[in-house]
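Shown next: my_file-v2.cif, containing mmCIF, C-alpha atoms and all ligand atoms.
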data_query
loop_
_atom_site.group_PDB
_atom_site.id
_atom_site.type_symbol
_atom_site.label_atom_id
_atom_site.label_comp_id
_atom_site.auth_asym_id
_atom_site.auth_seq_id
_atom_site.Cartn_x
_atom_site.Cartn_y
_atom_site.Cartn_z
ATOM 1 C CA MET A 10 -9.062 16.036 23.279
ATOM 2 C CA LYS A 11 -5.622 17.055 21.890
ATOM 3 C CA ILE A 12 -3.774 14.368 19.937
ATOM 4 C CA PRO A 13 -0.121 14.868 18.953
ATOM 5 C CA PHE A 14 0.446 13.808 15.327
ATOM 6 C CA THR A 15 3.101 13.589 12.637
ATOM 7 C CA LYS A 16 2.204 13.915 8.976
ATOM 8 C CA MET A 17 4.449 11.792 6.755
ATOM 9 C CA HIS A 18 4.427 10.683 3.144
ATOM 10 C CA GLY A 19 5.877 8.033 0.892
ATOM 11 C CA LEU A 20 5.852 9.440 -2.665
ATOM 12 C CA GLY A 21 2.896 11.694 -1.862
ATOM 13 C CA ASN A 22 0.829 8.915 -0.256
ATOM 14 C CA SER A 23 0.362 10.781 3.013
ATOM 15 C CA TYR A 24 -0.992 9.614 6.355
ATOM 16 C CA ILE A 25 -1.396 11.128 9.776
ATOM 17 C CA TYR A 26 0.818 9.086 12.099
ATOM 18 C CA ILE A 27 -0.030 8.805 15.772
ATOM 19 C CA ASP A 28 2.700 7.623 18.082
ATOM 20 C CA GLY A 29 1.102 4.893 20.161
ATOM 21 C CA PHE A 30 4.298 4.632 22.265
ATOM 22 C CA GLN A 31 3.197 8.014 23.728
ATOM 23 C CA VAL A 32 -0.565 8.288 23.204
ATOM 24 C CA GLU A 33 -3.402 5.870 23.937
ATOM 25 C CA LEU A 34 -6.569 6.116 21.832
ATOM 26 C CA GLU A 35 -9.989 4.547 22.317
ATOM 27 C CA GLU A 36 -10.460 1.649 19.883
ATOM 28 C CA ASP A 37 -14.000 2.534 18.854
ATOM 29 C CA ARG A 38 -13.041 6.130 17.980
ATOM 30 C CA LEU A 39 -10.350 5.161 15.445
ATOM 31 C CA PRO A 40 -12.548 5.073 12.295
ATOM 32 C CA GLU A 41 -14.004 8.467 13.225
ATOM 33 C CA LEU A 42 -10.499 9.843 13.863
ATOM 34 C CA ALA A 43 -9.267 8.530 10.494
ATOM 35 C CA LYS A 44 -12.088 10.311 8.672
ATOM 36 C CA ALA A 45 -11.624 13.499 10.703
ATOM 37 C CA VAL A 46 -7.854 13.884 10.198
ATOM 38 C CA SER A 47 -8.037 12.959 6.495
ATOM 39 C CA SER A 48 -10.436 15.719 5.455
ATOM 40 C CA VAL A 49 -8.659 18.473 3.532
ATOM 41 C CA TYR A 50 -11.410 20.903 4.525
ATOM 42 C CA THR A 51 -12.032 20.205 8.199
ATOM 43 C CA GLY A 52 -9.050 18.064 9.162
ATOM 44 C CA ILE A 53 -5.332 17.966 8.345
ATOM 45 C CA GLY A 54 -5.643 16.354 4.925
ATOM 46 C CA SER A 55 -4.295 12.857 4.202
ATOM 47 C CA ASP A 56 -5.046 9.462 2.654
ATOM 48 C CA GLY A 57 -5.802 8.053 6.104
ATOM 49 C CA LEU A 58 -4.472 7.386 9.592
ATOM 50 C CA ILE A 59 -1.610 5.187 10.758
ATOM 51 C CA LEU A 60 -0.892 4.146 14.343
ATOM 52 C CA VAL A 61 2.690 3.296 15.338
ATOM 53 C CA LEU A 62 2.496 0.908 18.286
ATOM 54 C CA PRO A 63 4.568 -1.390 20.470
ATOM 55 C CA SER A 64 4.340 -5.017 19.315
ATOM 56 C CA ASP A 65 4.391 -8.370 21.106
ATOM 57 C CA VAL A 66 5.860 -10.179 18.090
ATOM 58 C CA ALA A 67 8.019 -7.576 16.290
ATOM 59 C CA ASP A 68 10.026 -4.423 17.066
ATOM 60 C CA VAL A 69 7.171 -2.107 16.147
ATOM 61 C CA ARG A 70 3.566 -2.439 14.957
ATOM 62 C CA MET A 71 1.553 -0.564 12.287
ATOM 63 C CA ARG A 72 -2.223 -0.209 12.065
ATOM 64 C CA ILE A 73 -3.609 1.572 8.995
ATOM 65 C CA PHE A 74 -7.034 3.132 8.423
ATOM 66 C CA ASN A 75 -8.141 4.406 5.024
ATOM 67 C CA LYS A 76 -9.705 7.841 4.521
ATOM 68 C CA ASP A 77 -13.216 6.328 4.827
ATOM 69 C CA GLY A 78 -12.374 4.876 8.276
ATOM 70 C CA SER A 79 -11.987 1.244 7.111
ATOM 71 C CA GLU A 80 -9.014 -0.637 8.528
ATOM 72 C CA ALA A 81 -6.664 -2.257 5.983
ATOM 73 C CA MET A 82 -4.385 -5.266 6.375
ATOM 74 C CA ASN A 83 -1.276 -3.678 4.893
ATOM 75 C CA CYS A 84 0.280 -0.484 3.521
ATOM 76 C CA GLY A 85 3.643 -0.383 1.745
ATOM 77 C CA ASN A 86 4.237 3.369 1.942
ATOM 78 C CA GLY A 87 3.046 3.239 5.546
ATOM 79 C CA LEU A 88 5.552 0.497 6.448
ATOM 80 C CA ARG A 89 8.450 2.633 5.182
ATOM 81 C CA CYS A 90 7.250 5.694 7.143
ATOM 82 C CA VAL A 91 6.626 3.632 10.300
ATOM 83 C CA ALA A 92 10.188 2.274 9.997
ATOM 84 C CA LYS A 93 11.542 5.824 9.670
ATOM 85 C CA LEU A 94 9.508 7.112 12.615
ATOM 86 C CA ALA A 95 10.511 4.176 14.817
ATOM 87 C CA TYR A 96 14.201 4.662 13.999
ATOM 88 C CA ASP A 97 14.198 8.484 14.224
ATOM 89 C CA ARG A 98 12.496 8.344 17.650
ATOM 90 C CA GLY A 99 14.813 5.657 19.003
ATOM 91 C CA TYR A 100 12.165 2.913 19.367
ATOM 92 C CA VAL A 101 14.613 0.641 17.558
ATOM 93 C CA ASP A 102 18.389 0.867 17.830
ATOM 94 C CA GLN A 103 19.449 -1.191 14.808
ATOM 95 C CA THR A 104 19.076 -0.257 11.135
ATOM 96 C CA GLU A 105 17.414 -3.620 10.447
ATOM 97 C CA PHE A 106 14.320 -4.569 12.413
ATOM 98 C CA THR A 107 10.832 -6.056 12.144
ATOM 99 C CA VAL A 108 7.446 -4.378 11.679
ATOM 100 C CA GLU A 109 4.097 -6.046 12.385
ATOM 101 C CA ALA A 110 1.094 -5.244 10.188
ATOM 102 C CA LYS A 111 -2.319 -6.939 10.306
ATOM 103 C CA SER A 112 -1.174 -9.062 7.356
ATOM 104 C CA GLY A 113 1.980 -10.291 9.147
ATOM 105 C CA VAL A 114 5.512 -9.375 10.196
ATOM 106 C CA VAL A 115 8.005 -7.944 7.663
ATOM 107 C CA ASN A 116 11.699 -7.019 7.763
ATOM 108 C CA ALA A 117 12.683 -3.364 7.348
ATOM 109 C CA ALA A 118 16.131 -1.897 6.604
ATOM 110 C CA VAL A 119 16.609 1.869 6.943
ATOM 111 C CA GLU A 120 19.343 3.946 5.279
ATOM 112 C CA VAL A 121 20.577 6.614 7.691
ATOM 113 C CA ASN A 122 22.062 9.889 6.502
ATOM 114 C CA HIS A 123 23.043 12.651 8.928
ATOM 115 C CA ASP A 124 21.176 10.850 11.742
ATOM 116 C CA THR A 125 17.870 10.605 9.911
ATOM 117 C CA VAL A 126 16.277 8.044 7.635
ATOM 118 C CA HIS A 127 15.577 8.846 3.976
ATOM 119 C CA ASN A 128 15.202 5.516 2.191
ATOM 120 C CA VAL A 129 13.753 2.293 3.490
ATOM 121 C CA THR A 130 13.726 -1.214 2.040
ATOM 122 C CA ILE A 131 10.945 -3.531 3.148
ATOM 123 C CA ASP A 132 10.881 -7.245 2.499
ATOM 124 C CA MET A 133 7.157 -7.483 1.790
ATOM 125 C CA GLY A 134 7.121 -11.289 1.930
ATOM 126 C CA GLN A 135 5.467 -13.547 -0.623
ATOM 127 C CA PRO A 136 2.536 -12.425 -2.770
ATOM 128 C CA ILE A 137 -0.670 -14.457 -2.543
ATOM 129 C CA LEU A 138 -1.991 -15.577 -5.914
ATOM 130 C CA GLU A 139 -4.748 -18.090 -5.122
ATOM 131 C CA ARG A 140 -8.131 -16.661 -6.150
ATOM 132 C CA GLY A 141 -9.877 -17.688 -2.924
ATOM 133 C CA GLN A 142 -7.272 -15.862 -0.855
ATOM 134 C CA ILE A 143 -7.254 -12.579 -2.833
ATOM 135 C CA PRO A 144 -10.269 -12.930 -2.229
ATOM 136 C CA MET A 145 -12.044 -12.998 -5.597
ATOM 137 C CA VAL A 146 -15.185 -15.022 -6.307
ATOM 138 C CA THR A 147 -15.071 -18.029 -8.575
ATOM 139 C CA LEU A 148 -17.631 -19.172 -11.117
ATOM 140 C CA THR A 149 -15.943 -22.548 -11.597
ATOM 141 C CA GLY A 150 -15.525 -23.421 -7.915
ATOM 142 C CA ASP A 151 -11.721 -23.423 -8.227
ATOM 143 C CA GLU A 152 -10.382 -21.343 -5.346
ATOM 144 C CA GLN A 153 -6.749 -22.288 -5.988
ATOM 145 C CA ASP A 154 -6.408 -21.027 -9.546
ATOM 146 C CA HIS A 155 -4.508 -17.839 -10.367
ATOM 147 C CA VAL A 156 -6.251 -14.849 -11.926
ATOM 148 C CA ILE A 157 -4.034 -13.857 -14.850
ATOM 149 C CA GLN A 158 -5.477 -11.763 -17.679
ATOM 150 C CA GLU A 159 -8.985 -12.993 -16.950
ATOM 151 C CA PRO A 160 -11.707 -11.308 -19.061
ATOM 152 C CA PHE A 161 -13.386 -8.750 -16.804
ATOM 153 C CA LEU A 162 -16.325 -6.723 -18.073
ATOM 154 C CA VAL A 163 -16.788 -3.291 -16.482
ATOM 155 C CA GLY A 164 -19.822 -1.472 -17.894
ATOM 156 C CA GLU A 165 -19.079 -1.580 -21.599
ATOM 157 C CA GLU A 166 -15.319 -1.957 -21.211
ATOM 158 C CA ASN A 167 -13.756 -5.359 -21.862
ATOM 159 C CA LEU A 168 -10.803 -5.457 -19.498
ATOM 160 C CA TYR A 169 -8.410 -8.248 -18.483
ATOM 161 C CA ALA A 170 -7.727 -8.667 -14.786
ATOM 162 C CA THR A 171 -4.670 -9.996 -12.963
ATOM 163 C CA ALA A 172 -5.260 -10.299 -9.210
ATOM 164 C CA VAL A 173 -2.551 -10.330 -6.522
ATOM 165 C CA SER A 174 -2.697 -9.988 -2.749
ATOM 166 C CA MET A 175 0.184 -8.379 -0.883
ATOM 167 C CA GLY A 176 -1.717 -9.009 2.348
ATOM 168 C CA ASN A 177 -4.351 -6.683 0.856
ATOM 169 C CA PRO A 178 -6.191 -7.220 -2.441
ATOM 170 C CA HIS A 179 -5.115 -5.719 -5.778
ATOM 171 C CA VAL A 180 -6.339 -6.022 -9.349
ATOM 172 C CA VAL A 181 -4.109 -4.924 -12.228
ATOM 173 C CA PHE A 182 -5.285 -3.813 -15.683
ATOM 174 C CA TYR A 183 -2.831 -3.099 -18.514
ATOM 175 C CA VAL A 184 -3.164 0.004 -20.703
ATOM 176 C CA ASP A 185 -1.173 1.191 -23.731
ATOM 177 C CA ASP A 186 -0.771 4.723 -22.360
ATOM 178 C CA ILE A 187 -1.057 5.550 -18.659
ATOM 179 C CA ALA A 188 -2.415 9.005 -19.548
ATOM 180 C CA ASP A 189 -5.542 7.297 -20.930
ATOM 181 C CA ALA A 190 -6.117 4.956 -17.953
ATOM 182 C CA PRO A 191 -9.852 5.142 -17.092
ATOM 183 C CA ILE A 192 -9.060 5.573 -13.423
ATOM 184 C CA ASP A 193 -11.963 7.932 -12.593
ATOM 185 C CA THR A 194 -14.593 5.564 -13.960
ATOM 186 C CA VAL A 195 -13.213 2.028 -13.626
ATOM 187 C CA GLY A 196 -11.527 2.737 -10.253
ATOM 188 C CA PRO A 197 -14.657 3.522 -8.198
ATOM 189 C CA SER A 198 -16.720 0.889 -9.990
ATOM 190 C CA VAL A 199 -14.247 -2.021 -9.609
ATOM 191 C CA THR A 200 -13.168 -1.216 -6.031
ATOM 192 C CA ASN A 201 -16.672 -2.209 -4.849
ATOM 193 C CA ASP A 202 -17.339 -4.872 -7.509
ATOM 194 C CA GLN A 203 -19.102 -7.989 -6.175
ATOM 195 C CA ARG A 204 -16.384 -10.168 -7.706
ATOM 196 C CA PHE A 205 -14.156 -8.863 -4.873
ATOM 197 C CA PRO A 206 -16.100 -9.573 -1.662
ATOM 198 C CA GLU A 207 -13.715 -7.484 0.480
ATOM 199 C CA GLY A 208 -13.268 -4.738 -2.124
ATOM 200 C CA VAL A 209 -10.020 -4.235 -4.035
ATOM 201 C CA ASN A 210 -7.308 -1.692 -4.821
ATOM 202 C CA VAL A 211 -7.458 -0.989 -8.566
ATOM 203 C CA GLU A 212 -4.248 -0.455 -10.541
ATOM 204 C CA PHE A 213 -3.492 0.541 -14.120
ATOM 205 C CA VAL A 214 -0.102 -0.316 -15.575
ATOM 206 C CA GLU A 215 1.692 0.680 -18.764
ATOM 207 C CA VAL A 216 4.783 -1.442 -19.387
ATOM 208 C CA LEU A 217 7.595 0.743 -20.806
ATOM 209 C CA ASN A 218 10.207 -2.015 -21.064
ATOM 210 C CA ASP A 219 11.297 -5.045 -19.011
ATOM 211 C CA GLN A 220 12.713 -2.780 -16.269
ATOM 212 C CA GLU A 221 10.201 0.076 -16.025
ATOM 213 C CA ILE A 222 6.467 0.472 -15.696
ATOM 214 C CA ASN A 223 4.084 3.397 -15.293
ATOM 215 C CA PHE A 224 1.440 3.000 -12.607
ATOM 216 C CA ARG A 225 -1.728 4.696 -11.354
ATOM 217 C CA VAL A 226 -4.032 3.592 -8.566
ATOM 218 C CA TRP A 227 -7.536 3.904 -7.175
ATOM 219 C CA GLU A 228 -7.169 2.779 -3.563
ATOM 220 C CA ARG A 229 -9.928 0.964 -1.724
ATOM 221 C CA GLY A 230 -11.213 3.316 0.969
ATOM 222 C CA SER A 231 -9.206 6.351 -0.180
ATOM 223 C CA GLY A 232 -9.707 6.857 -3.951
ATOM 224 C CA ILE A 233 -6.945 8.144 -6.227
ATOM 225 C CA THR A 234 -3.653 8.492 -4.362
ATOM 226 C CA GLN A 235 -0.220 9.604 -5.525
ATOM 227 C CA ALA A 236 1.288 6.211 -4.780
ATOM 228 C CA CYS A 237 0.548 2.789 -3.329
ATOM 229 C CA GLY A 238 3.443 0.625 -2.126
ATOM 230 C CA THR A 239 1.561 -2.669 -1.949
ATOM 231 C CA GLY A 240 0.002 -1.762 -5.327
ATOM 232 C CA ALA A 241 3.430 -1.225 -6.905
ATOM 233 C CA CYS A 242 4.531 -4.652 -5.573
ATOM 234 C CA ALA A 243 1.335 -6.250 -6.945
ATOM 235 C CA ALA A 244 1.924 -4.541 -10.313
ATOM 236 C CA VAL A 245 5.439 -5.989 -10.594
ATOM 237 C CA VAL A 246 4.289 -9.478 -9.546
ATOM 238 C CA SER A 247 1.481 -9.211 -12.110
ATOM 239 C CA SER A 248 3.930 -8.071 -14.794
ATOM 240 C CA VAL A 249 6.214 -11.051 -14.077
ATOM 241 C CA LEU A 250 3.207 -13.412 -14.284
ATOM 242 C CA ASN A 251 2.312 -11.791 -17.615
ATOM 243 C CA LYS A 252 5.959 -12.110 -18.814
ATOM 244 C CA ARG A 253 6.334 -8.353 -19.239
ATOM 245 C CA VAL A 254 9.222 -7.920 -16.738
ATOM 246 C CA LYS A 255 11.728 -10.411 -15.298
ATOM 247 C CA ARG A 256 11.598 -12.249 -11.977
ATOM 248 C CA GLY A 257 14.687 -11.569 -9.805
ATOM 249 C CA GLU A 258 15.428 -8.206 -11.447
ATOM 250 C CA GLU A 259 14.794 -4.677 -10.196
ATOM 251 C CA VAL A 260 11.814 -2.939 -11.774
ATOM 252 C CA MET A 261 11.387 0.809 -11.498
ATOM 253 C CA VAL A 262 7.751 1.720 -10.923
ATOM 254 C CA HIS A 263 6.862 5.292 -11.893
ATOM 255 C CA LEU A 264 3.923 6.408 -9.742
ATOM 256 C CA ASP A 265 2.226 9.827 -9.750
ATOM 257 C CA GLY A 266 4.286 10.810 -6.685
ATOM 258 C CA GLY A 267 7.691 9.392 -7.747
ATOM 259 C CA ASP A 268 9.527 6.104 -8.161
ATOM 260 C CA LEU A 269 9.767 2.846 -6.232
ATOM 261 C CA ILE A 270 12.187 0.013 -6.935
ATOM 262 C CA ILE A 271 10.518 -3.374 -6.667
ATOM 263 C CA THR A 272 12.093 -6.816 -7.072
ATOM 264 C CA TRP A 273 10.195 -10.111 -6.996
ATOM 265 C CA LYS A 274 13.109 -12.225 -5.855
ATOM 266 C CA ASP A 275 13.780 -15.816 -6.828
ATOM 267 C CA ASN A 276 13.149 -16.839 -3.194
ATOM 268 C CA GLY A 277 9.534 -15.679 -3.637
ATOM 269 C CA HIS A 278 9.804 -12.502 -1.557
ATOM 270 C CA VAL A 279 9.023 -9.036 -2.909
ATOM 271 C CA LEU A 280 11.438 -6.221 -1.981
ATOM 272 C CA MET A 281 10.266 -2.607 -2.029
ATOM 273 C CA LYS A 282 12.734 0.277 -1.814
ATOM 274 C CA GLY A 283 11.761 3.934 -1.609
ATOM 275 C CA PRO A 284 11.686 7.144 0.404
ATOM 276 C CA ALA A 285 9.918 8.058 3.634
ATOM 277 C CA VAL A 286 9.463 11.737 4.504
ATOM 278 C CA THR A 287 8.278 13.669 7.577
ATOM 279 C CA ILE A 288 6.158 16.699 6.641
ATOM 280 C CA ALA A 289 5.018 18.225 9.930
ATOM 281 C CA THR A 290 4.168 17.595 13.545
ATOM 282 C CA GLY A 291 1.370 19.197 15.541
ATOM 283 C CA GLU A 292 -1.721 18.651 17.686
ATOM 284 C CA PHE A 293 -5.143 17.633 16.407
ATOM 285 C CA TYR A 294 -8.270 18.632 18.340
ATOM 286 C CA LEU A 295 -10.885 15.868 18.364
HETATM 287 N N1 LIG A 301 -1.429 3.188 0.335
HETATM 288 C C1 LIG A 301 -1.190 1.883 0.736
HETATM 289 C C2 LIG A 301 -2.317 0.896 0.844
HETATM 290 C C3 LIG A 301 -3.369 1.337 1.868
HETATM 291 C C4 LIG A 301 -4.478 0.322 2.124
HETATM 292 C C5 LIG A 301 -5.364 0.068 0.931
HETATM 293 N N2 LIG A 301 -6.107 1.228 0.530
HETATM 294 C C6 LIG A 301 -6.343 -1.086 1.259
HETATM 295 O O1 LIG A 301 -7.498 -0.831 1.634
HETATM 296 O O2 LIG A 301 -5.929 -2.238 1.142
HETATM 297 C C7 LIG A 301 0.137 1.316 0.279
HETATM 298 O O3 LIG A 301 1.075 2.121 0.140
HETATM 299 O O4 LIG A 301 0.279 0.096 0.149
#

Would you put the structure from the file into structure tokens?
Amino acid sequence: MKIPFTKMHGLGNSYIYIDGFQVELEEDRLPELAKAVSSVYTGIGSDGLILVLPSDVADVRMRIFNKDGSEAMNCGNGLRCVAKLAYDRGYVDQTEFTVEAKSGVVNAAVEVNHDTVHNVTIDMGQPILERGQIPMVTLTGDEQDHVIQEPFLVGEENLYATAVSMGNPHVVFYVDDIADAPIDTVGPSVTNDQRFPEGVNVEFVEVLNDQEINFRVWERGSGITQACGTGACAAVVSSVLNKRVKRGEEVMVHLDGGDLIITWKDNGHVLMKGPAVTIATGEFYL
């Protein structure tokens, strides 16, 4: 079977995009396809697979599968690329439109330059802070409490966890120097930790000042990636909760693959602004 694809990235967080307006795929083959296209050795090489689909409730719909074939509820870098693809291919005719993800419908605004989209702003909606909805297990029975700098033992490391859901689960740990973040050890161990029954995306943050943070991520289902849009949003929400940056102000998040501008607005919504880039198109043989 030949499947037309587009490879796109948001700050180096790359996915293989399949245009579901043109191609129909069998549901039960999607996890296998995600694993196959993601392999650098036997596939195209990516952090996973994203389907761009017609929607019944929004202008366009995104489904995202991690590298290991698991389906995720949300993907920030993916939303920006889906918005670009939908606009560039004429599936939407306005520069502001809606995108459906498993976690809900968001508003997208594309910036058009010479007929193509470079930057996209997504209103990511409100973060979820209640422990039971992250979800993260409770020892006290309180599902409604917020997890802010909670002692969190990993092996012999005494860490402090702040947990935020952006439709998908994130845990943030603060470090003094991002270069020393124990991402290779703590990342794989915490992503499958029993305290997070659905797994978790693991982020390390170094606060530079009240407008800038450094960020690295171990993504659930994909491992270390160059960037994570929902993770960057979670990191800024966490940093507001920890009084390290200000609510209502733009925060520049420096990720391995480049910068995102994130604002946790006074109305409760998180705005994410950053680039979306097309790398290549081709056909994949499954
Ligand atoms: N790279 C993404 C997040 C992708 C899904 C995540 N690994 C999960 O399992 O929740 C982003 O840019 O947000």

Spatial neighbours of segment 261-265 of chain A, 12 Å, only C-alpha atoms, chain gap at least 3 places, as an mmCIF file with C-alpha atoms, in the coordinates of the input:
data_model
loop_
_atom_site.group_PDB
_atom_site.id
_atom_site.type_symbol
_atom_site.label_atom_id
_atom_site.label_comp_id
_atom_site.auth_asym_id
_atom_site.auth_seq_id
_atom_site.Cartn_x
_atom_site.Cartn_y
_atom_site.Cartn_z
ATOM 1 C CA GLY A 19 5.877 8.033 0.892
ATOM 2 C CA LEU A 20 5.852 9.440 -2.665
ATOM 3 C CA GLY A 21 2.896 11.694 -1.862
ATOM 4 C CA ASN A 22 0.829 8.915 -0.256
ATOM 5 C CA ILE A 187 -1.057 5.550 -18.659
ATOM 6 C CA ALA A 188 -2.415 9.005 -19.548
ATOM 7 C CA GLU A 212 -4.248 -0.455 -10.541
ATOM 8 C CA PHE A 213 -3.492 0.541 -14.120
ATOM 9 C CA VAL A 214 -0.102 -0.316 -15.575
ATOM 10 C CA GLU A 215 1.692 0.680 -18.764
ATOM 11 C CA VAL A 216 4.783 -1.442 -19.387
ATOM 12 C CA LEU A 217 7.595 0.743 -20.806
ATOM 13 C CA ASN A 218 10.207 -2.015 -21.064
ATOM 14 C CA ASP A 219 11.297 -5.045 -19.011
ATOM 15 C CA GLN A 220 12.713 -2.780 -16.269
ATOM 16 C CA GLU A 221 10.201 0.076 -16.025
ATOM 17 C CA ILE A 222 6.467 0.472 -15.696
ATOM 18 C CA ASN A 223 4.084 3.397 -15.293
ATOM 19 C CA PHE A 224 1.440 3.000 -12.607
ATOM 20 C CA ARG A 225 -1.728 4.696 -11.354
ATOM 21 C CA VAL A 226 -4.032 3.592 -8.566
ATOM 22 C CA TRP A 227 -7.536 3.904 -7.175
ATOM 23 C CA ILE A 233 -6.945 8.144 -6.227
ATOM 24 C CA THR A 234 -3.653 8.492 -4.362
ATOM 25 C CA GLN A 235 -0.220 9.604 -5.525
ATOM 26 C CA ALA A 236 1.288 6.211 -4.780
ATOM 27 C CA CYS A 237 0.548 2.789 -3.329
ATOM 28 C CA GLY A 238 3.443 0.625 -2.126
ATOM 29 C CA THR A 239 1.561 -2.669 -1.949
ATOM 30 C CA GLY A 240 0.002 -1.762 -5.327
ATOM 31 C CA ALA A 241 3.430 -1.225 -6.905
ATOM 32 C CA CYS A 242 4.531 -4.652 -5.573
ATOM 33 C CA ALA A 243 1.335 -6.250 -6.945
ATOM 34 C CA ALA A 244 1.924 -4.541 -10.313
ATOM 35 C CA VAL A 245 5.439 -5.989 -10.594
ATOM 36 C CA VAL A 246 4.289 -9.478 -9.546
ATOM 37 C CA SER A 248 3.930 -8.071 -14.794
ATOM 38 C CA VAL A 254 9.222 -7.920 -16.738
ATOM 39 C CA LYS A 255 11.728 -10.411 -15.298
ATOM 40 C CA GLU A 258 15.428 -8.206 -11.447
ATOM 41 C CA ASP A 268 9.527 6.104 -8.161
ATOM 42 C CA LEU A 269 9.767 2.846 -6.232
ATOM 43 C CA ILE A 270 12.187 0.013 -6.935
ATOM 44 C CA ILE A 271 10.518 -3.374 -6.667
ATOM 45 C CA THR A 272 12.093 -6.816 -7.072
ATOM 46 C CA TRP A 273 10.195 -10.111 -6.996
ATOM 47 C CA LEU A 280 11.438 -6.221 -1.981
ATOM 48 C CA MET A 281 10.266 -2.607 -2.029
ATOM 49 C CA LYS A 282 12.734 0.277 -1.814
ATOM 50 C CA GLY A 283 11.761 3.934 -1.609
#

Inset, instruction - Please measure the separation of atom CA of Met17 of chain A and atom CA of Cys90 of chain A, giving the value in Å to one decimal. - result: 6.7 Å

Legend entry - Protein and nucleic acid residues within 9 Å of ligand LIG 301 (chain A) (all atoms listed in the file) as a count of residues only: 44

Legend entry - Nearest residue to Ile27 of chain A from the set A:Phe182, A:Phe161, A:Phe293, A:Tyr169 (distances using only C-alpha atoms):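 Nearest candidate to Ile27 of chain A out of A:Phe182, A:Phe161, A:Phe293, A:Tyr169: A:Phe293.
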
Inset, instruction - Enter the distance from atom CA of Glu35 of chain A to atom CA of Phe14 of chain A, in Å, rounded to one decimal. - result: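 Value for the atom CA of Glu35 of chain A-atom CA of Phe14 of chain A distance: 15.6 Å.
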
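Put simply, atom CA of Ile59 of chain A is 12.2 Å away from atom CA of Ala92 of chain A.
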
Inset, instruction - Using all atoms listed in the file, determine which residues lie at most 10 Å from Asp28 of chain A, disregarding the query and same-chain residues fewer than 5 positions distant; provide the list as a ChimeraX atom specification. - result: /A:12-15,33,59-63,91,94-95,98

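Closest to Val108 of chain A among A:Thr125, A:Ser64, A:Gln135, A:Gln31 is A:Ser64, based on only C-alpha atoms.
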
Legend entry - Residues returned when the PyMOL selection byres (((chain A and resi 289) around 8) and not hetatm) runs on this file, as a list of chain:residue names: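 Applied to this file, the PyMOL selection byres (((chain A and resi 289) around 8) and not hetatm) returns A:Thr15, A:Lys16, A:Met17, A:Thr287, A:Ile288, A:Thr290, A:Gly291.
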
Legend entry - Residues matched by the PyMOL selection byres (((chain A and resi 205) around 12) and not hetatm), written as a VMD selection string: chain A and resid 140 to 147 161 170 172 to 174 177 to 180 198 to 204 206 to 211 229

Inset, instruction - Might you pull out every residue within 12 Å of Asn167 of chain A, with all atoms listed in the file counted and same-chain residues fewer than 4 positions away left off, and present them as a PyMOL selection string? - result: chain A and resi 158-163+182-184+195

Legend entry - Residue IDs satisfying the PyMOL selection byres (((chain A and resi 129) around 7) and not hetatm), as a list in words: Arg89, Ala117, Ala118, Val119, Glu120, His127, Asn128, Thr130, Ile131, Lys282, Gly283, Pro284 and Ala285 of chain A

Centre, x/y/z edge lengths, axis-aligned box for segment 251-263 of chain A with 5 Å per side, as JSON:
{"center_x": 8.9, "center_y": -3.5, "center_z": -14.5, "size_x": 23.1, "size_y": 27.5, "size_z": 19.4}
